[in-house]
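Working notes for the structure below.
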Amino acid sequence: MDQSSPDYVATSRRKDKARRKRPGAGLAGLIWPQRSLITNREVAGPGALEPELWAKLQFLSDPLCARCGSPFEIAVDEAQECGACLAHPPVYDRARAALVYGDVSRDLVLGLKYQGRRDGLSVLGGWMASAGRDLLSDADLIVPVPLHYFRLVRRGFNQSAWLAAALSRSSGVKLSVDALKRVKATPIQGGLSADGRRRNVQGAFKVRRSRERLVKDQKILLVDDVLTTGATAEACTRALRRAGAACVDVVTLARVAGPRAAPI
Ligand SMILES: [Zn+2]
């Protein structure tokens, strides 16, 4: 289903309405979540997680590879790229993530993806905006990694589109939720090798013909929930470049640590 279509909006609204009926989930809860995004227990004050889970989150900060955003253990020149990027430069320009993908951030992503927890979006979007501030300040257009039509219908929403919308709201950068289209229904990537992932998503994305003018000569900020090997981000970048994008940066909520590391 086209995410901008009335049917998509109606489906999302029905799901939102059902979610809002949760006990204690009033307007205040939508603005600032009062229930833990992971355990759904009430949290004492305004916050998204219990303090013990919050303490386990690993936020990414400098020093980072200037290109792929993987963390360095020692201070380096700010233009330094990691060995993996020097050996095999990714096709995207830069990538940044808010969190290292670990036990707690995985549960955050799963809550977003499979339970449709929209109530934490302003918090998660804020973390992404902070991690990707340089990329956001250069961007002309925010574009989420799309789901294939069948998966979108089954799930009812695209969590990457939600994150992209949160980033657009907080930064004022224009959003196009449907500039990219997934033209190949690819199997779930989990468990595949880096090469397997690359083959899996090869040719899987296309810029919609009706959005080509929107993308041409623009600096695009691609948004996804997790960056693992970067295969999906690279496949999307190729599609955006084919449509004439001037550059493509990537921001995700979490990324696997290590230089464009092992698959999860
Ligand atoms: Zn790198």
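Identifiers in the structure tokens: chain A, B, ... in order shown; residue index from 1 per chain; ligand index from 1 in order shown.
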Surrounding residues as a ChimeraX atom specification, ligand 1, max 12 Å, only C-alpha atoms and all ligand atoms:
/A:63-72,79-96,229-230,257-261
Residue neighbourhood Ala179 of chain A, 9 Å, only C-alpha atoms, exclusion window fewer than 2 positions, as a count of residues only:
16
Strand (DSSP E) per DSSP on the backbone: members of segment 103-163 of chain A, as an MDAnalysis selection string
chainID A and resid 141:144
Please identify all polymer residues within 7 Å of Gly125 of chain A, counting only C-alpha atoms, omitting same-chain residues fewer than 4 positions from it, and present them as a ChimeraX atom specification.
/A:121,129,163,166-167
Take the residues from that selection and put them in a file with C-alpha atoms, as a PDB file, in the first residue's frame.
```pdb
ATOM      1  CA  LEU A 121       9.101   8.482  18.615  1.00  0.00           C
ATOM      2  CA  ALA A 129      18.676  14.187  15.338  1.00  0.00           C
ATOM      3  CA  LEU A 163      11.440   7.675  12.505  1.00  0.00           C
ATOM      4  CA  ALA A 166       9.971  12.353  13.717  1.00  0.00           C
ATOM      5  CA  LEU A 167      13.289  13.657  12.336  1.00  0.00           C
TER       6      LEU A 167
END
```
Using only C-alpha atoms, what table do you get, as a Markdown table, when you list each residue of segment 105-221 of chain A with an atom no more than 12 Å from segment 47-54 of chain A, its nearest pair of atoms, and their distance in Å rounded to one decimal, rows by chain then rising number?
```
| residue | atom | partner | partner_atom | distance |
| --- | --- | --- | --- | --- |
| A:Ser105 | CA | A:Leu53 | CA | 9.5 |
| A:Arg106 | CA | A:Leu53 | CA | 11.9 |
| A:Asp107 | CA | A:Leu53 | CA | 10.4 |
| A:Leu108 | CA | A:Leu49 | CA | 9.6 |
| A:Arg117 | CA | A:Ala48 | CA | 11.2 |
| A:Arg118 | CA | A:Ala48 | CA | 11.7 |
| A:Asp119 | CA | A:Ala48 | CA | 9.0 |
| A:Gly120 | CA | A:Ala48 | CA | 6.7 |
| A:Leu121 | CA | A:Ala48 | CA | 10.0 |
| A:Ser122 | CA | A:Ala48 | CA | 10.1 |
| A:Val123 | CA | A:Ala48 | CA | 7.4 |
| A:Leu124 | CA | A:Ala48 | CA | 9.1 |
| A:Trp127 | CA | A:Ala48 | CA | 11.9 |
```
Counting only C-alpha atoms, the option among A:Arg41, A:Leu175, A:Arg35, A:Val104 closest to Leu57 of chain A
A:Val104
Go through A:Leu136, A:Leu227, A:Leu37, A:Ile220 and flag the residue nearest Arg197 of chain A, using only C-alpha atoms for the distances.
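Between A:Leu136, A:Leu227, A:Leu37, A:Ile220, the residue approaching Arg197 of chain A most closely is A:Leu227.
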Using only C-alpha atoms: which of A:Ala185, A:Thr232, A:Arg169, A:Leu60 has the shortest distance to Glu73 of chain A:
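That would be A:Leu60, the residue with the smallest distance to Glu73 of chain A.
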